[in-house]
Amino acid sequence: MRARDNPFAADRVERIRYRFAGASLDELLTRLEEMNYRGAIVGPEGSGKTTLLEDLHEILERRGRRTRFLFVNDASPLPEAECRRLLSELTPQELVLLDGADAIRRSSWSLFRRHTVRHAAGLIVTSHRPGLLPTLIECSTTPTLLKEIVTDLTSRTRNVSPILLDDLHRRHRGNLRTCLRELYDLYAQET
């Protein structure tokens with residue numbers, strides 16, 4: 001199968017947006033406002049934290065809020081000098097959206113948190129564990145969610161075994177990103 005025909009190609013997967021279980025986007029936005037735009041999106045890898053933060057970024061910008069989106073991980077760290085430079089550029093009108101807060105070294109995190117509390121309109125972060133900021137929402141996945149996403153990606157034209165999807169969800173401990181990558185590989189092997 002050609003990459004562009006694979007229903008699990010990255011460009012198609014990236015179009016899938018965060019899906020709320022139990023709460024709604026409006027409820028989340030109300031809670032965020034009540035928390036003075038300071039909170040953490042918490043959950044394991046592949047549970048939708050980055051997708052939700054990207055969605056919030058877009059919504060807040062559309063509503064006229066100035067935002068600054070930062071991405072940090074082990075491969076792309078935020079050294080203290082870079083952290084200080086970034087913080088010096090912040091304005092009181094900006095909301096800081098930080099994807100990967102738990103990848104920042106402790107000394108840089110303390111500086112970052114203190115400075116944004118004083119000099120920014122808010123700080124919304126993603127983290128694998130609670131505790132960096134009050135929890136705004138806890139993300140998780142289910143086999144049912146994986147099945148819904150797979151159905152959307154395959155446009156109901158292909159039958160993907162529910163047993164396979166349950167197995168993928170279990171083996172990858174709910175990491176939907178990894179499940180979808182494995183499905184890409186399986187479909188790529190088709191002729």
# chains A, B, ... in the order shown; residues from 1 in each chain; ligands from 1
$ closest_atom_pairs --of "stretch 30-120 of chain A" --to "stretch 167-182 of chain A" --cutoff "8 Å" --atoms "only C-alpha atoms" --output "CSV"
residue,atom,partner,partner_atom,distance
A:Pro44,CA,A:Asn175,CA,7.4
A:Glu45,CA,A:Asn175,CA,5.8
A:Gly46,CA,A:Asn175,CA,4.1
A:Ser47,CA,A:Asn175,CA,6.0
$ select_by_dssp --residues "stretch 18-105 of chain A" --states "strand (DSSP E or B)" --output "number ranges by chain"
A: 38-42, 66-71, 94-99
$ write_last_selection --atoms "N, CA and C atoms" --output "PDB file, in the first residue's frame"
ATOM      1  N   ARG A  38      -4.643  28.876  34.940  1.00  0.00           N
ATOM      2  CA  ARG A  38      -3.459  28.193  35.444  1.00  0.00           C
ATOM      3  C   ARG A  38      -3.849  26.761  35.800  1.00  0.00           C
ATOM      4  N   GLY A  39      -3.357  25.809  34.997  1.00  0.00           N
ATOM      5  CA  GLY A  39      -3.712  24.432  35.263  1.00  0.00           C
ATOM      6  C   GLY A  39      -2.946  23.466  34.386  1.00  0.00           C
ATOM      7  N   ALA A  40      -3.063  22.192  34.744  1.00  0.00           N
ATOM      8  CA  ALA A  40      -2.331  21.130  34.041  1.00  0.00           C
ATOM      9  C   ALA A  40      -3.296  20.153  33.383  1.00  0.00           C
ATOM     10  N   ILE A  41      -2.938  19.786  32.168  1.00  0.00           N
ATOM     11  CA  ILE A  41      -3.588  18.691  31.451  1.00  0.00           C
ATOM     12  C   ILE A  41      -2.710  17.476  31.725  1.00  0.00           C
ATOM     13  N   VAL A  42      -3.247  16.510  32.453  1.00  0.00           N
ATOM     14  CA  VAL A  42      -2.444  15.407  32.976  1.00  0.00           C
ATOM     15  C   VAL A  42      -2.886  14.087  32.347  1.00  0.00           C
ATOM     16  N   ARG A  66      -4.015  36.343  23.600  1.00  0.00           N
ATOM     17  CA  ARG A  66      -2.655  36.163  23.071  1.00  0.00           C
ATOM     18  C   ARG A  66      -2.044  34.948  23.753  1.00  0.00           C
ATOM     19  N   THR A  67      -1.457  34.072  22.978  1.00  0.00           N
ATOM     20  CA  THR A  67      -0.864  32.860  23.540  1.00  0.00           C
ATOM     21  C   THR A  67       0.556  32.683  23.016  1.00  0.00           C
ATOM     22  N   ARG A  68       1.313  31.948  23.801  1.00  0.00           N
ATOM     23  CA  ARG A  68       2.653  31.532  23.386  1.00  0.00           C
ATOM     24  C   ARG A  68       2.723  30.034  23.631  1.00  0.00           C
ATOM     25  N   PHE A  69       2.889  29.267  22.543  1.00  0.00           N
ATOM     26  CA  PHE A  69       2.915  27.808  22.611  1.00  0.00           C
ATOM     27  C   PHE A  69       4.367  27.336  22.628  1.00  0.00           C
ATOM     28  N   LEU A  70       4.708  26.537  23.636  1.00  0.00           N
ATOM     29  CA  LEU A  70       6.061  25.997  23.761  1.00  0.00           C
ATOM     30  C   LEU A  70       5.983  24.482  23.846  1.00  0.00           C
ATOM     31  N   PHE A  71       6.935  23.826  23.187  1.00  0.00           N
ATOM     32  CA  PHE A  71       7.011  22.371  23.221  1.00  0.00           C
ATOM     33  C   PHE A  71       8.373  21.973  23.785  1.00  0.00           C
ATOM     34  N   GLU A  94      -0.119  37.668  27.687  1.00  0.00           N
ATOM     35  CA  GLU A  94       0.066  36.346  27.083  1.00  0.00           C
ATOM     36  C   GLU A  94      -0.293  35.207  28.027  1.00  0.00           C
ATOM     37  N   LEU A  95      -0.964  34.227  27.437  1.00  0.00           N
ATOM     38  CA  LEU A  95      -1.160  32.946  28.102  1.00  0.00           C
ATOM     39  C   LEU A  95      -0.061  32.027  27.590  1.00  0.00           C
ATOM     40  N   VAL A  96       0.632  31.363  28.479  1.00  0.00           N
ATOM     41  CA  VAL A  96       1.693  30.447  28.084  1.00  0.00           C
ATOM     42  C   VAL A  96       1.120  29.035  28.072  1.00  0.00           C
ATOM     43  N   LEU A  97       1.289  28.356  26.946  1.00  0.00           N
ATOM     44  CA  LEU A  97       0.857  26.968  26.789  1.00  0.00           C
ATOM     45  C   LEU A  97       2.121  26.141  26.622  1.00  0.00           C
ATOM     46  N   LEU A  98       2.399  25.314  27.604  1.00  0.00           N
ATOM     47  CA  LEU A  98       3.646  24.556  27.645  1.00  0.00           C
ATOM     48  C   LEU A  98       3.366  23.063  27.557  1.00  0.00           C
ATOM     49  N   ASP A  99       3.761  22.479  26.451  1.00  0.00           N
ATOM     50  CA  ASP A  99       3.593  21.044  26.249  1.00  0.00           C
ATOM     51  C   ASP A  99       4.864  20.336  26.714  1.00  0.00           C
TER      52      ASP A  99
END
$ closest_residue --among "A:Val125, A:Val117, A:Ile137, A:Ala188" --to "A:Leu25" --atoms "only C-alpha atoms"
A:Ile137
$ residues_around --residues "A:Phe112" --least-positions-apart "4" --cutoff "9 Å" --atoms "only C-alpha atoms" --output "list of chain:residue names"
A:Cys83, A:Arg84, A:Leu87, A:Ser107, A:Ser108, A:Thr116, A:Val117
$ closest_residue --among "A:Leu90, A:Leu56, A:Leu146, A:Ala103" --to "A:Asn73" --atoms "only C-alpha atoms"
A:Ala103
$ select_by_dssp --residues "stretch 60-177 of chain A" --states "alpha helix (DSSP H)" --output "VMD selection string"
chain A and resid 60 to 62 80 to 89 106 to 119 143 to 154 162 to 171 176 to 177
$ write_last_selection --atoms "C-alpha atoms" --output "compact mmCIF listing (two decimals), in the first residue's frame"
# COMPACT_ATOMS: atom_id res chain seq x y z
CA LEU A 60 -8.09 30.90 22.92
CA GLU A 61 -6.52 32.66 19.93
CA ARG A 62 -9.90 32.80 18.16
CA GLU A 80 17.97 27.59 31.92
CA ALA A 81 19.54 30.28 29.68
CA GLU A 82 16.85 29.71 27.04
CA CYS A 83 14.21 29.67 29.77
CA ARG A 84 15.39 33.06 31.07
CA ARG A 85 15.44 34.55 27.57
CA LEU A 86 11.94 33.30 26.87
CA LEU A 87 10.61 34.59 30.15
CA SER A 88 12.12 38.03 29.55
CA GLU A 89 10.03 38.28 26.37
CA ARG A 106 13.47 21.31 38.39
CA SER A 107 15.46 24.57 38.69
CA SER A 108 14.15 25.83 35.34
CA TRP A 109 10.60 24.77 36.24
CA SER A 110 10.68 26.76 39.50
CA LEU A 111 11.90 29.83 37.64
CA PHE A 112 9.39 29.31 34.83
CA ARG A 113 6.42 28.84 37.16
CA ARG A 114 7.29 31.80 39.41
CA HIS A 115 7.84 34.14 36.49
CA THR A 116 4.70 33.18 34.57
CA VAL A 117 2.54 33.54 37.69
CA ARG A 118 3.81 37.11 38.08
CA HIS A 119 4.25 38.20 34.46
CA PRO A 143 -10.47 0.55 23.75
CA THR A 144 -13.81 2.08 22.69
CA LEU A 145 -12.12 5.41 21.95
CA LEU A 146 -9.49 3.63 19.85
CA LYS A 147 -12.27 1.87 17.91
CA GLU A 148 -14.06 5.19 17.27
CA ILE A 149 -10.88 6.82 15.97
CA VAL A 150 -10.04 3.83 13.77
CA THR A 151 -13.58 3.85 12.36
CA ASP A 152 -13.24 7.55 11.52
CA LEU A 153 -9.84 7.06 9.89
CA THR A 154 -10.89 4.08 7.82
CA PRO A 162 -12.11 -5.31 17.40
CA ILE A 163 -9.99 -8.07 18.93
CA LEU A 164 -6.89 -6.57 17.31
CA LEU A 165 -7.81 -3.11 18.61
CA ASP A 166 -8.39 -4.40 22.14
CA ASP A 167 -5.03 -6.19 21.98
CA LEU A 168 -3.24 -3.05 20.71
CA HIS A 169 -4.78 -0.91 23.45
CA ARG A 170 -3.74 -3.42 26.11
CA ARG A 171 -0.21 -4.02 24.78
CA LEU A 176 -3.22 5.67 21.17
CA ARG A 177 -0.34 7.26 19.27
$ atom_distance --atom1 "atom CA of A:Arg63" --atom2 "atom CA of A:Arg31"
16.1 Å
$ atom_distance --atom1 "atom CA of A:Ala23" --atom2 "atom CA of A:Ser140"
12.7 Å
$ residues_around --residues "A:Met35" --least-positions-apart "2" --cutoff "10 Å" --atoms "only C-alpha atoms" --output "mmCIF file with C-alpha atoms, in the first residue's frame"
data_model
loop_
_atom_site.group_PDB
_atom_site.id
_atom_site.type_symbol
_atom_site.label_atom_id
_atom_site.label_comp_id
_atom_site.auth_asym_id
_atom_site.auth_seq_id
_atom_site.Cartn_x
_atom_site.Cartn_y
_atom_site.Cartn_z
ATOM 1 C CA LEU A 29 -13.118 26.415 29.309
ATOM 2 C CA THR A 30 -15.303 27.493 32.246
ATOM 3 C CA ARG A 31 -13.097 25.534 34.644
ATOM 4 C CA LEU A 32 -9.967 27.042 33.072
ATOM 5 C CA GLU A 33 -11.357 30.543 33.597
ATOM 6 C CA TYR A 37 -5.918 30.194 33.364
ATOM 7 C CA ARG A 38 -3.459 28.193 35.444
ATOM 8 C CA GLY A 39 -3.712 24.432 35.263
ATOM 9 C CA GLY A 122 -1.852 32.329 32.612
ATOM 10 C CA PRO A 134 -3.598 22.183 39.804
ATOM 11 C CA THR A 135 -5.121 19.591 37.481
ATOM 12 C CA LEU A 136 -7.411 21.072 34.849
#
$ closest_residue --among "A:Thr142, A:Asn6, A:Ser76, A:Asn159" --to "A:Arg19" --atoms "only C-alpha atoms"
A:Thr142
$ closest_residue --among "A:Leu133, A:Leu28, A:Ile104, A:Ala75" --to "A:Leu53" --atoms "only C-alpha atoms"
A:Leu28
